[in-house]
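Source file work_30.txt; content: compact mmCIF, C-alpha atoms (C1' of nucleotides).
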# COMPACT_ATOMS: atom_id res chain seq x y z
CA MET V 1 -41.68 -7.12 -7.80
CA PRO V 2 -44.41 -5.18 -9.56
CA SER V 3 -45.27 -4.02 -6.03
CA HIS V 4 -48.98 -4.31 -6.67
CA HIS V 5 -51.28 -4.97 -3.79
CA PRO V 6 -52.27 -8.61 -3.85
CA LEU V 7 -55.50 -9.45 -5.60
CA PRO V 8 -58.27 -11.06 -3.53
CA PHE V 9 -58.35 -13.94 -6.03
CA ASP V 10 -55.88 -15.90 -8.11
CA PRO V 11 -55.79 -14.25 -11.53
CA ILE V 12 -54.32 -17.33 -13.18
CA ASP V 13 -57.02 -19.57 -11.77
CA ARG V 14 -59.69 -17.13 -12.88
CA ALA V 15 -58.27 -16.98 -16.37
CA ALA V 16 -58.17 -20.78 -16.45
CA GLN V 17 -61.84 -20.99 -15.53
CA LEU V 18 -62.80 -18.58 -18.29
CA TRP V 19 -60.59 -20.46 -20.71
CA GLN V 20 -62.29 -23.71 -19.78
CA ASP V 21 -65.73 -22.19 -20.37
CA ARG V 22 -64.94 -20.45 -23.61
CA ILE V 23 -62.13 -22.28 -25.32
CA GLY V 24 -61.50 -25.73 -23.84
CA PRO V 25 -59.14 -27.66 -21.59
CA ALA V 26 -57.10 -25.19 -19.62
CA ALA V 27 -54.68 -27.33 -17.63
CA THR V 28 -51.67 -26.77 -19.88
CA MET V 29 -52.34 -23.07 -20.24
CA ALA V 30 -52.60 -22.74 -16.47
CA ALA V 31 -49.33 -24.59 -15.90
CA VAL V 32 -47.47 -22.48 -18.43
CA THR V 33 -48.82 -19.25 -17.04
CA ASN V 34 -47.82 -20.39 -13.56
CA ILE V 35 -44.27 -21.04 -14.68
CA MET V 36 -44.07 -17.65 -16.32
CA ARG V 37 -45.35 -15.87 -13.24
CA VAL V 38 -43.27 -17.79 -10.71
CA GLN V 39 -40.17 -17.14 -12.78
CA GLN V 40 -40.99 -13.47 -12.68
CA ILE V 41 -41.42 -13.55 -8.90
CA LEU V 42 -38.15 -15.38 -8.38
CA GLN V 43 -36.29 -13.14 -10.77
CA SER V 44 -37.51 -10.10 -8.87
CA SER V 45 -36.62 -11.48 -5.47
CA VAL V 46 -33.21 -12.66 -6.55
CA ASP V 47 -32.34 -9.47 -8.39
CA ALA V 48 -33.46 -7.39 -5.42
CA ALA V 49 -31.17 -9.39 -3.14
CA LEU V 50 -28.27 -8.98 -5.57
CA ARG V 51 -28.78 -5.30 -6.39
CA PRO V 52 -26.90 -4.03 -3.30
CA HIS V 53 -23.95 -6.05 -4.53
CA GLY V 54 -24.07 -4.72 -8.06
CA LEU V 55 -25.07 -8.01 -9.64
CA THR V 56 -28.00 -9.54 -11.47
CA PHE V 57 -28.91 -13.21 -11.47
CA ALA V 58 -27.55 -13.63 -14.98
CA ARG V 59 -24.18 -12.20 -14.00
CA TYR V 60 -24.19 -14.11 -10.72
CA GLU V 61 -24.70 -17.40 -12.55
CA ALA V 62 -21.76 -16.59 -14.79
CA LEU V 63 -19.55 -15.91 -11.77
CA VAL V 64 -20.59 -19.18 -10.14
CA LEU V 65 -19.81 -21.08 -13.30
CA LEU V 66 -16.33 -19.61 -13.38
CA VAL V 67 -15.71 -20.25 -9.69
CA PHE V 68 -16.64 -23.89 -10.22
CA SER V 69 -14.30 -24.29 -13.18
CA ARG V 70 -10.87 -25.73 -12.58
CA GLN V 71 -8.78 -22.74 -13.56
CA GLY V 72 -11.37 -20.10 -12.84
CA SER V 73 -11.61 -19.53 -16.57
CA LEU V 74 -13.67 -20.77 -19.51
CA PRO V 75 -14.03 -19.94 -23.19
CA MET V 76 -17.08 -17.84 -23.96
CA ASN V 77 -18.70 -20.54 -26.07
CA VAL V 78 -18.45 -23.05 -23.21
CA MET V 79 -20.06 -20.53 -20.91
CA GLY V 80 -22.88 -20.19 -23.42
CA GLN V 81 -23.43 -23.93 -23.52
CA ARG V 82 -23.41 -24.36 -19.75
CA LEU V 83 -25.60 -21.37 -19.01
CA GLN V 84 -27.69 -22.16 -22.09
CA LEU V 85 -27.45 -18.66 -23.39
CA HIS V 86 -27.19 -17.17 -26.84
CA PRO V 87 -23.66 -16.07 -27.76
CA THR V 88 -24.76 -12.46 -27.78
CA SER V 89 -26.08 -12.80 -24.24
CA VAL V 90 -22.72 -14.12 -23.11
CA THR V 91 -20.99 -11.18 -24.75
CA ASN V 92 -23.37 -8.82 -22.96
CA ILE V 93 -22.87 -10.40 -19.54
CA VAL V 94 -19.12 -10.66 -19.84
CA ASP V 95 -18.98 -7.02 -20.96
CA ARG V 96 -20.67 -5.93 -17.74
CA LEU V 97 -18.68 -8.22 -15.48
CA GLN V 98 -15.51 -7.01 -17.09
CA ALA V 99 -16.52 -3.37 -16.67
CA ASP V 100 -16.89 -4.18 -12.97
CA HIS V 101 -13.44 -5.80 -12.90
CA LEU V 102 -14.95 -9.13 -11.83
CA VAL V 103 -13.65 -11.01 -14.88
CA GLU V 104 -10.97 -10.59 -17.55
CA ARG V 105 -10.93 -11.42 -21.24
CA ASN V 106 -7.88 -13.17 -22.66
CA GLY V 107 -6.99 -14.75 -25.95
CA HIS V 108 -6.93 -18.50 -26.29
CA PRO V 109 -3.36 -19.82 -26.56
CA THR V 110 -3.93 -21.93 -29.67
CA ASP V 111 -7.28 -20.90 -31.20
CA ARG V 112 -7.25 -17.22 -32.00
CA ARG V 113 -11.00 -17.17 -32.59
CA THR V 114 -11.65 -18.01 -28.97
CA THR V 115 -11.87 -15.63 -26.03
CA VAL V 116 -11.18 -17.03 -22.58
CA VAL V 117 -12.90 -15.42 -19.60
CA THR V 118 -11.13 -15.55 -16.23
CA ILE V 119 -12.60 -14.59 -12.89
CA THR V 120 -10.61 -12.11 -10.83
CA GLU V 121 -9.99 -12.18 -7.12
CA ALA V 122 -12.57 -9.42 -6.77
CA GLY V 123 -14.97 -11.63 -8.71
CA ARG V 124 -14.43 -14.52 -6.33
CA GLN V 125 -15.09 -12.32 -3.33
CA ARG V 126 -18.19 -10.80 -4.90
CA GLN V 127 -19.54 -14.24 -5.67
CA LYS V 128 -19.12 -15.35 -2.06
CA ILE V 129 -20.97 -12.33 -0.72
CA ALA V 130 -23.72 -12.67 -3.29
CA THR V 131 -24.16 -16.34 -2.49
CA GLY V 132 -24.75 -15.42 1.13
CA ALA V 133 -27.38 -12.88 0.13
CA LEU V 134 -29.18 -15.47 -1.99
CA THR V 135 -29.12 -18.32 0.48
CA ASP V 136 -30.43 -15.89 3.11
CA ILE V 137 -33.62 -15.49 1.11
CA ASP V 138 -33.72 -19.12 -0.13
CA PHE V 139 -33.40 -17.80 -3.69
CA GLY V 140 -36.88 -16.35 -3.28
CA LEU V 141 -38.48 -19.79 -3.33
CA VAL V 142 -41.05 -19.79 -0.55
CA GLY V 143 -43.99 -21.92 0.50
CA LEU V 144 -42.63 -25.38 -0.34
CA ASP V 145 -41.09 -28.04 1.89
CA ASP V 146 -38.07 -30.10 0.91
CA ALA V 147 -40.11 -32.90 -0.65
CA GLN V 148 -42.12 -30.46 -2.72
CA ILE V 149 -38.99 -28.72 -3.91
CA ALA V 150 -37.58 -32.05 -5.03
CA GLN V 151 -40.84 -32.86 -6.78
CA LEU V 152 -40.79 -29.54 -8.57
CA THR V 153 -37.22 -30.10 -9.72
CA ALA V 154 -38.09 -33.56 -11.01
CA LEU V 155 -41.06 -32.31 -13.01
CA LEU V 156 -39.16 -29.42 -14.56
CA THR V 157 -36.15 -31.57 -15.35
CA GLU V 158 -38.45 -33.88 -17.27
CA VAL V 159 -39.74 -30.93 -19.29
CA ARG V 160 -36.19 -29.90 -20.12
CA ARG V 161 -35.28 -33.40 -21.14
CA ALA V 162 -38.35 -33.70 -23.37
CA ALA V 163 -37.56 -30.33 -24.91
CA GLY V 164 -34.13 -31.64 -25.92
CA ASP V 165 -32.10 -29.54 -23.53
CA PHE V 166 -29.76 -32.42 -22.81
CA SER V 167 -29.58 -36.16 -23.36
CA MET N 168 -34.45 -21.32 -28.60
CA PRO N 169 -30.73 -20.69 -28.28
CA SER N 170 -30.48 -23.43 -30.90
CA HIS N 171 -27.51 -25.03 -29.22
CA HIS N 172 -26.87 -28.67 -29.72
CA PRO N 173 -28.02 -30.53 -26.63
CA LEU N 174 -25.38 -31.23 -24.03
CA PRO N 175 -24.64 -34.86 -23.19
CA PHE N 176 -25.36 -34.09 -19.53
CA ASP N 177 -27.77 -31.95 -17.54
CA PRO N 178 -25.96 -28.68 -16.84
CA ILE N 179 -28.27 -27.81 -13.97
CA ASP N 180 -27.73 -31.14 -12.29
CA ARG N 181 -24.00 -30.80 -12.72
CA ALA N 182 -24.03 -27.34 -11.20
CA ALA N 183 -26.09 -28.67 -8.30
CA GLN N 184 -23.54 -31.39 -7.61
CA LEU N 185 -20.70 -28.90 -7.56
CA TRP N 186 -22.75 -26.61 -5.35
CA GLN N 187 -23.40 -29.45 -2.94
CA ASP N 188 -19.69 -30.25 -2.75
CA ARG N 189 -18.43 -26.71 -2.42
CA ILE N 190 -21.15 -24.61 -0.85
CA GLY N 191 -23.88 -26.68 0.73
CA PRO N 192 -27.46 -27.87 0.20
CA ALA N 193 -28.35 -27.35 -3.43
CA ALA N 194 -31.99 -28.38 -3.68
CA THR N 195 -33.43 -24.87 -3.67
CA MET N 196 -30.83 -23.55 -6.06
CA ALA N 197 -31.55 -26.42 -8.44
CA ALA N 198 -35.30 -25.83 -8.32
CA VAL N 199 -34.91 -22.13 -9.00
CA THR N 200 -32.53 -22.68 -11.87
CA ASN N 201 -34.94 -25.22 -13.32
CA ILE N 202 -37.79 -22.73 -13.22
CA MET N 203 -35.66 -20.09 -14.90
CA ARG N 204 -34.61 -22.44 -17.67
CA VAL N 205 -38.03 -23.99 -18.28
CA GLN N 206 -39.54 -20.54 -18.47
CA GLN N 207 -36.97 -19.65 -21.09
CA ILE N 208 -37.78 -22.78 -23.10
CA LEU N 209 -41.50 -22.14 -22.97
CA GLN N 210 -41.08 -18.48 -23.83
CA SER N 211 -39.05 -19.43 -26.88
CA SER N 212 -41.49 -22.06 -28.08
CA VAL N 213 -44.51 -19.88 -27.55
CA ASP N 214 -42.97 -16.82 -29.15
CA ALA N 215 -41.85 -18.88 -32.12
CA ALA N 216 -45.38 -20.15 -32.61
CA LEU N 217 -46.77 -16.62 -32.36
CA ARG N 218 -44.18 -14.88 -34.51
CA PRO N 219 -45.88 -15.73 -37.83
CA HIS N 220 -48.96 -14.01 -36.45
CA GLY N 221 -47.13 -10.88 -35.37
CA LEU N 222 -47.62 -11.47 -31.66
CA THR N 223 -45.56 -12.22 -28.59
CA PHE N 224 -46.79 -14.08 -25.53
CA ALA N 225 -47.07 -10.85 -23.56
CA ARG N 226 -49.27 -9.27 -26.22
CA TYR N 227 -51.24 -12.48 -26.66
CA GLU N 228 -52.05 -12.59 -22.96
CA ALA N 229 -53.30 -9.03 -23.13
CA LEU N 230 -55.56 -9.90 -26.05
CA VAL N 231 -56.97 -12.91 -24.23
CA LEU N 232 -57.66 -10.82 -21.16
CA LEU N 233 -59.62 -8.34 -23.26
CA VAL N 234 -61.53 -11.05 -25.10
CA PHE N 235 -62.56 -12.52 -21.77
CA SER N 236 -63.77 -9.19 -20.42
CA ARG N 237 -67.47 -8.36 -20.68
CA GLN N 238 -67.25 -5.38 -22.98
CA GLY N 239 -63.97 -6.30 -24.64
CA SER N 240 -62.41 -3.39 -22.82
CA LEU N 241 -60.56 -2.74 -19.58
CA PRO N 242 -58.75 0.15 -17.95
CA MET N 243 -54.97 -0.09 -18.20
CA ASN N 244 -54.52 -0.37 -14.45
CA VAL N 245 -56.91 -3.35 -14.31
CA MET N 246 -54.93 -5.00 -17.08
CA GLY N 247 -51.80 -4.48 -15.05
CA GLN N 248 -53.32 -6.10 -11.98
CA ARG N 249 -54.65 -9.10 -13.85
CA LEU N 250 -51.55 -9.70 -15.92
CA GLN N 251 -49.39 -8.78 -12.93
CA LEU N 252 -47.34 -6.37 -14.89
CA HIS N 253 -45.74 -3.07 -14.10
CA PRO N 254 -47.68 -0.06 -15.44
CA THR N 255 -44.85 0.69 -17.84
CA SER N 256 -45.07 -2.81 -19.26
CA VAL N 257 -48.77 -2.33 -19.89
CA THR N 258 -48.07 0.93 -21.66
CA ASN N 259 -45.46 -0.79 -23.80
CA ILE N 260 -47.72 -3.70 -24.74
CA VAL N 261 -50.75 -1.56 -25.47
CA ASP N 262 -48.59 0.73 -27.60
CA ARG N 263 -47.62 -2.18 -29.80
CA LEU N 264 -51.07 -3.72 -29.98
CA GLN N 265 -52.48 -0.34 -30.89
CA ALA N 266 -49.86 0.17 -33.58
CA ASP N 267 -51.09 -3.13 -35.03
CA HIS N 268 -54.72 -1.96 -34.84
CA LEU N 269 -55.60 -4.82 -32.51
CA VAL N 270 -56.74 -2.55 -29.68
CA GLU N 271 -57.86 1.07 -29.22
CA ARG N 272 -57.25 3.58 -26.44
CA ASN N 273 -60.19 5.61 -25.17
CA GLY N 274 -60.77 7.98 -22.29
CA HIS N 275 -62.71 6.82 -19.28
CA PRO N 276 -66.19 8.42 -19.14
CA THR N 277 -65.96 9.63 -15.54
CA ASP N 278 -62.30 9.41 -14.47
CA ARG N 279 -60.16 11.43 -16.81
CA ARG N 280 -56.96 9.93 -15.46
CA THR N 281 -57.93 6.51 -16.72
CA THR N 282 -57.34 5.09 -20.19
CA VAL N 283 -59.65 2.32 -21.35
CA VAL N 284 -58.29 -0.24 -23.80
CA THR N 285 -60.76 -1.89 -26.18
CA ILE N 286 -60.07 -4.84 -28.44
CA THR N 287 -60.93 -4.40 -32.10
CA GLU N 288 -62.54 -6.93 -34.40
CA ALA N 289 -59.12 -7.52 -35.92
CA GLY N 290 -57.83 -8.15 -32.42
CA ARG N 291 -60.47 -10.77 -31.76
CA GLN N 292 -59.68 -12.56 -34.99
CA ARG N 293 -55.95 -12.45 -34.31
CA GLN N 294 -56.48 -13.88 -30.86
CA LYS N 295 -58.46 -16.82 -32.25
CA ILE N 296 -55.79 -17.66 -34.77
CA ALA N 297 -53.02 -17.32 -32.21
CA THR N 298 -54.86 -19.53 -29.76
CA GLY N 299 -54.95 -22.24 -32.39
CA ALA N 300 -51.23 -21.91 -32.96
CA LEU N 301 -50.55 -22.25 -29.24
CA THR N 302 -52.84 -25.17 -28.54
CA ASP N 303 -51.29 -26.93 -31.52
CA ILE N 304 -47.94 -26.96 -29.72
CA ASP N 305 -49.43 -27.44 -26.23
CA PHE N 306 -47.93 -24.09 -25.25
CA GLY N 307 -44.51 -25.68 -25.56
CA LEU N 308 -45.07 -27.78 -22.46
CA VAL N 309 -43.83 -31.25 -23.31
CA GLY N 310 -42.93 -34.40 -21.43
CA LEU N 311 -45.60 -34.37 -18.72
CA ASP N 312 -48.89 -36.24 -18.46
CA ASP N 313 -52.11 -34.67 -17.21
CA ALA N 314 -51.51 -35.63 -13.59
CA GLN N 315 -48.01 -34.20 -13.64
CA ILE N 316 -49.22 -30.97 -15.19
CA ALA N 317 -51.79 -30.64 -12.42
CA GLN N 318 -49.12 -31.35 -9.83
CA LEU N 319 -46.86 -28.70 -11.33
CA THR N 320 -49.66 -26.15 -11.28
CA ALA N 321 -50.43 -26.94 -7.65
CA LEU N 322 -46.82 -26.52 -6.57
CA LEU N 323 -46.34 -23.27 -8.42
CA THR N 324 -49.64 -21.87 -7.21
CA GLU N 325 -48.47 -22.50 -3.67
CA VAL N 326 -45.31 -20.55 -4.35
CA ARG N 327 -47.31 -17.64 -5.69
CA ARG N 328 -49.60 -17.71 -2.69
CA ALA N 329 -46.69 -17.75 -0.26
CA ALA N 330 -45.08 -14.89 -2.16
CA GLY N 331 -48.20 -12.80 -1.58
CA ASP N 332 -49.39 -12.75 -5.17
CA PHE N 333 -53.01 -13.15 -4.09
CA SER N 334 -54.99 -14.02 -0.99
C1' DT J 335 -1.89 -26.20 -51.46
C1' DC J 336 -5.91 -23.69 -51.53
C1' DC J 337 -10.60 -22.81 -50.99
C1' DC J 338 -14.87 -23.14 -48.60
C1' DA J 339 -17.85 -24.51 -44.95
C1' DA J 340 -18.03 -24.34 -40.07
C1' DT J 341 -17.00 -21.98 -35.73
C1' DA J 342 -16.11 -17.91 -32.23
C1' DG J 343 -17.26 -13.63 -31.12
C1' DT J 344 -19.25 -8.94 -31.80
C1' DA J 345 -22.40 -5.07 -33.55
C1' DG J 346 -26.90 -3.29 -34.11
C1' DG J 347 -31.74 -3.69 -33.45
C1' DA J 348 -36.23 -5.49 -31.44
C1' DC J 349 -38.73 -6.72 -27.43
C1' DG J 350 -40.26 -7.03 -22.60
C1' DT J 351 -39.36 -6.02 -18.02
C1' DC J 352 -38.33 -2.96 -14.27
C1' DC J 353 -37.22 1.63 -11.83
C1' DA J 354 -37.20 6.64 -11.11
C1' DA J 355 -39.23 10.71 -12.25
C1' DC J 356 -42.90 13.26 -13.86
C1' DC J 357 -47.63 15.29 -15.03
C1' DA J 358 -52.66 15.10 -14.78
C1' DC J 359 -56.37 14.19 -12.27
C1' DT J 360 -59.10 12.72 -8.14
C1' DT J 361 -60.16 12.15 -3.40
C1' DG J 362 -60.12 13.04 1.39
C1' DC J 363 -59.63 15.90 5.07
C1' DC J 364 -59.41 20.26 7.41
C1' DG L 365 -63.49 25.52 -0.73
C1' DG L 366 -58.93 24.33 -1.01
C1' DC L 367 -54.79 21.98 -0.35
C1' DA L 368 -52.29 17.56 0.39
C1' DA L 369 -51.99 12.87 -0.52
C1' DG L 370 -52.96 9.27 -3.54
C1' DT L 371 -53.87 7.25 -8.21
C1' DG L 372 -53.32 6.56 -13.43
C1' DG L 373 -50.41 6.81 -17.14
C1' DT L 374 -46.27 8.11 -19.78
C1' DT L 375 -41.30 9.04 -20.64
C1' DG L 376 -36.49 7.90 -20.43
C1' DG L 377 -33.01 4.76 -19.05
C1' DA L 378 -31.04 0.16 -17.61
C1' DC L 379 -30.85 -4.70 -18.29
C1' DG L 380 -31.20 -9.31 -20.41
C1' DT L 381 -32.69 -11.93 -24.11
C1' DC L 382 -32.98 -13.08 -28.90
C1' DC L 383 -32.22 -12.47 -34.08
C1' DT L 384 -29.75 -11.08 -38.23
C1' DA L 385 -25.64 -9.91 -40.17
C1' DC L 386 -20.80 -9.44 -40.11
C1' DT L 387 -15.58 -10.31 -39.36
C1' DA L 388 -11.85 -13.33 -38.16
C1' DT L 389 -10.08 -17.75 -37.80
C1' DT L 390 -9.88 -22.69 -38.31
C1' DG L 391 -9.96 -27.12 -40.50
C1' DG L 392 -11.25 -30.49 -43.96
C1' DG L 393 -11.39 -31.93 -48.66
C1' DA L 394 -10.54 -31.29 -53.75
As structure tokens, what does this structure read like?
Amino acid sequence: MPSHHPLPFDPIDRAAQLWQDRIGPAATMAAVTNIMRVQQILQSSVDAALRPHGLTFARYEALVLLVFSRQGSLPMNVMGQRLQLHPTSVTNIVDRLQADHLVERNGHPTDRRTTVVTITEAGRQRQKIATGALTDIDFGLVGLDDAQIAQLTALLTEVRRAAGDFS
Amino acid sequence: MPSHHPLPFDPIDRAAQLWQDRIGPAATMAAVTNIMRVQQILQSSVDAALRPHGLTFARYEALVLLVFSRQGSLPMNVMGQRLQLHPTSVTNIVDRLQADHLVERNGHPTDRRTTVVTITEAGRQRQKIATGALTDIDFGLVGLDDAQIAQLTALLTEVRRAAGDFS
DNA sequence: TCCCAATAGTAGGACGTCCAACCACTTGCC
DNA sequence: GGCAAGTGGTTGGACGTCCTACTATTGGGA
């Protein structure tokens, strides 16, 4: 969290009003700015909860993905597809998890281009602890009831679908 | 955009199902993951639209803030409050805008600790052009009608309020 | 069979964000 | 008046993301 004292007004709403006066319809701009800011808030909260456990949200997501996989292992390119990350981001994350002995890199038995990432027992334990820390703070998502959370998910899923994230 | 081919299924929804089976209620996790991913999509779209004009969304927002200010100038700390950025992020952004001759740094007349940032004429022109590029792509926000966009803004504003972003 | 396009992963660099630490200046209080 | 606490901004480092470029390997078609 940028740890600023809260403003006495909503800066996004104020910017939207000025935009409306000076430029034109501001609804889309306001929505996008809201997404950007809420993401930042959630990222901060989640990372703060994970810091004592030596993880970031990006690395935590990778651990969860591996825990959910059948063998506790996946090729790097599959991880990139599921987490929707650039190959270089996967390399970066796996580097750090490996340095922390939470995952291992192994060669693929038949395709020598492919690197298979396997979660270690330490990785499984770390993931469990981290999951507790995150559920304790509700992933930083505050202020909404169950119906509103479902509504939010539905709206954002529609955006992802329209953007061609999946079909 | 990570430029991956779209998956034939929604990876977030799949993760939520596994979470539900193995860990517990997944609604909050799914909502948070959706926000993270949609933010990433929007950031990519917006930055791609701005790249030909030598801007990023962060720098664009700073330019807009200055254009909207009365004198076209604001102290750095005020910029940080309005954009809800860490002081070091403001320094970084102003550095780059200044290197591009889109803003200037000046001393504050009475408080010598304070640095005042002023937009240049080139900055104003760049902002206009960039705004056109962004409105052309609807800020990357696709798939929602006006009512849904308003609904999304309302939900996210509530999250920001509950998180103590403003009062 | 052999070559070439496609695929998997990595290296290096840019960018934005944050934190910790630091210096300069200002303000408040004794 | 002077010192301590607070404020404003920068520097240096960590992290995650992306892009471009590169190597190694695979697989399909001439």
One number please: atom CA of Thr287 of chain N to atom CA of Gln248 of chain N, in Å, one decimal. 21.6 Å
Ala329 of chain N environment, 7 Å, all atoms listed in the file, sequence neighbours closer than 3 positions dropped, as a PDB file with C-alpha atoms, in the frame of the given file:
ATOM      1  CA  VAL V 142     -41.050 -19.790  -0.550  1.00  0.00           C
ATOM      2  CA  GLY V 143     -43.990 -21.920   0.500  1.00  0.00           C
TER       3      GLY V 143
ATOM      4  CA  GLU N 325     -48.470 -22.500  -3.670  1.00  0.00           C
ATOM      5  CA  VAL N 326     -45.310 -20.550  -4.350  1.00  0.00           C
TER       6      VAL N 326
END
Select residues of chain N: the criterion is any atom within 8 Å of an atom of chain J, counting only C-alpha atoms (C1' of nucleotides); output as a PyMOL selection string. chain N and resi 225+253+256+278-280
In Å, how far is it from atom CA of Val284 of chain N to atom CA of Gly221 of chain N? 19.3 Å
What are the residues of chain L lining chain V at 10 Å or less? Count only C-alpha atoms (C1' of nucleotides), and put the answer as an mmCIF file with C-alpha atoms (C1' of nucleotides), in the frame of the given file.
data_model
loop_
_atom_site.group_PDB
_atom_site.id
_atom_site.type_symbol
_atom_site.label_atom_id
_atom_site.label_comp_id
_atom_site.auth_asym_id
_atom_site.auth_seq_id
_atom_site.Cartn_x
_atom_site.Cartn_y
_atom_site.Cartn_z
ATOM 1 C "C1'" DC L 379 -30.850 -4.700 -18.290
ATOM 2 C "C1'" DG L 380 -31.200 -9.310 -20.410
ATOM 3 C "C1'" DT L 381 -32.690 -11.930 -24.110
ATOM 4 C "C1'" DC L 382 -32.980 -13.080 -28.900
ATOM 5 C "C1'" DC L 383 -32.220 -12.470 -34.080
ATOM 6 C "C1'" DA L 388 -11.850 -13.330 -38.160
ATOM 7 C "C1'" DT L 389 -10.080 -17.750 -37.800
ATOM 8 C "C1'" DT L 390 -9.880 -22.690 -38.310
#
Could you list, with a cut-off of 6 Å and counting only C-alpha atoms, the residues of chain N near chain V, each shown with its nearest atom pair and the distance in Å rounded to one decimal, rows sorted by chain and ascending number, as JSON lines?
{"residue": "N:Pro169", "atom": "CA", "partner": "V:His86", "partner_atom": "CA", "distance": 5.2}
{"residue": "N:Pro173", "atom": "CA", "partner": "V:Phe166", "partner_atom": "CA", "distance": 4.6}
{"residue": "N:Leu174", "atom": "CA", "partner": "V:Phe166", "partner_atom": "CA", "distance": 4.7}
{"residue": "N:Pro175", "atom": "CA", "partner": "V:Ser167", "partner_atom": "CA", "distance": 5.1}
{"residue": "N:Phe176", "atom": "CA", "partner": "V:Phe166", "partner_atom": "CA", "distance": 5.7}
{"residue": "N:Asp177", "atom": "CA", "partner": "V:Phe166", "partner_atom": "CA", "distance": 5.7}
{"residue": "N:Pro178", "atom": "CA", "partner": "V:Arg82", "partner_atom": "CA", "distance": 5.8}
{"residue": "N:Ala198", "atom": "CA", "partner": "V:Thr153", "partner_atom": "CA", "distance": 4.9}
{"residue": "N:Met203", "atom": "CA", "partner": "V:Gln39", "partner_atom": "CA", "distance": 5.8}
{"residue": "N:Gln206", "atom": "CA", "partner": "V:Met36", "partner_atom": "CA", "distance": 5.8}
{"residue": "N:Arg249", "atom": "CA", "partner": "V:Pro11", "partner_atom": "CA", "distance": 5.8}
{"residue": "N:His253", "atom": "CA", "partner": "V:Pro2", "partner_atom": "CA", "distance": 5.2}
{"residue": "N:Val309", "atom": "CA", "partner": "V:Val159", "partner_atom": "CA", "distance": 5.7}
{"residue": "N:Gly310", "atom": "CA", "partner": "V:Ala162", "partner_atom": "CA", "distance": 5.0}
{"residue": "N:Thr320", "atom": "CA", "partner": "V:Ala31", "partner_atom": "CA", "distance": 4.9}
{"residue": "N:Val326", "atom": "CA", "partner": "V:Gly143", "partner_atom": "CA", "distance": 5.2}
{"residue": "N:Ala329", "atom": "CA", "partner": "V:Gly143", "partner_atom": "CA", "distance": 5.0}
{"residue": "N:Asp332", "atom": "CA", "partner": "V:Pro6", "partner_atom": "CA", "distance": 5.2}
{"residue": "N:Phe333", "atom": "CA", "partner": "V:Pro6", "partner_atom": "CA", "distance": 4.6}
{"residue": "N:Ser334", "atom": "CA", "partner": "V:Pro8", "partner_atom": "CA", "distance": 5.1}
In Å, with one decimal, what is the gap from atom CA of Gly274 of chain N to atom C1' of DG373 of chain L?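 These atoms are spaced 11.6 Å apart.
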Could you list as a tab-separated table (two decimals) with C-alpha atoms, in the frame of the given file every residue that has an atom within 9 Å of (-12.5, -16.3, -14.4), using the file's coordinates and counting only C-alpha atoms (C1' of nucleotides)?
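Full text of point19.tsv as output:
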chain	number	residue	atom	x	y	z
V	63	LEU	CA	-19.55	-15.91	-11.77
V	65	LEU	CA	-19.81	-21.08	-13.30
V	66	LEU	CA	-16.33	-19.61	-13.38
V	67	VAL	CA	-15.71	-20.25	-9.69
V	69	SER	CA	-14.30	-24.29	-13.18
V	71	GLN	CA	-8.78	-22.74	-13.56
V	72	GLY	CA	-11.37	-20.10	-12.84
V	73	SER	CA	-11.61	-19.53	-16.57
V	74	LEU	CA	-13.67	-20.77	-19.51
V	102	LEU	CA	-14.95	-9.13	-11.83
V	103	VAL	CA	-13.65	-11.01	-14.88
V	104	GLU	CA	-10.97	-10.59	-17.55
V	105	ARG	CA	-10.93	-11.42	-21.24
V	116	VAL	CA	-11.18	-17.03	-22.58
V	117	VAL	CA	-12.90	-15.42	-19.60
V	118	THR	CA	-11.13	-15.55	-16.23
V	119	ILE	CA	-12.60	-14.59	-12.89
V	120	THR	CA	-10.61	-12.11	-10.83
V	121	GLU	CA	-9.99	-12.18	-7.12
V	123	GLY	CA	-14.97	-11.63	-8.71
V	124	ARG	CA	-14.43	-14.52	-6.33
Restricted to N, CA and C atoms, what does segment 88-94 of chain V look like when written out as a PDB file, in the first residue's frame?
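The resulting file, selection32.pdb, is shown below:
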ATOM      1  N   THR V  88       8.981 -15.473 -20.566  1.00  0.00           N
ATOM      2  CA  THR V  88      10.065 -14.932 -19.744  1.00  0.00           C
ATOM      3  C   THR V  88       9.611 -14.715 -18.299  1.00  0.00           C
ATOM      4  N   SER V  89       8.336 -14.437 -18.110  1.00  0.00           N
ATOM      5  CA  SER V  89       7.834 -14.293 -16.739  1.00  0.00           C
ATOM      6  C   SER V  89       7.843 -15.638 -16.028  1.00  0.00           C
ATOM      7  N   VAL V  90       7.512 -16.689 -16.757  1.00  0.00           N
ATOM      8  CA  VAL V  90       7.544 -18.024 -16.166  1.00  0.00           C
ATOM      9  C   VAL V  90       8.972 -18.377 -15.761  1.00  0.00           C
ATOM     10  N   THR V  91       9.901 -18.109 -16.653  1.00  0.00           N
ATOM     11  CA  THR V  91      11.305 -18.364 -16.325  1.00  0.00           C
ATOM     12  C   THR V  91      11.694 -17.643 -15.045  1.00  0.00           C
ATOM     13  N   ASN V  92      11.335 -16.383 -14.962  1.00  0.00           N
ATOM     14  CA  ASN V  92      11.652 -15.565 -13.787  1.00  0.00           C
ATOM     15  C   ASN V  92      11.070 -16.178 -12.513  1.00  0.00           C
ATOM     16  N   ILE V  93       9.790 -16.507 -12.550  1.00  0.00           N
ATOM     17  CA  ILE V  93       9.122 -17.033 -11.354  1.00  0.00           C
ATOM     18  C   ILE V  93       9.697 -18.386 -10.947  1.00  0.00           C
ATOM     19  N   VAL V  94       9.903 -19.241 -11.923  1.00  0.00           N
ATOM     20  CA  VAL V  94      10.443 -20.562 -11.601  1.00  0.00           C
ATOM     21  C   VAL V  94      11.866 -20.434 -11.054  1.00  0.00           C
TER      22      VAL V  94
END
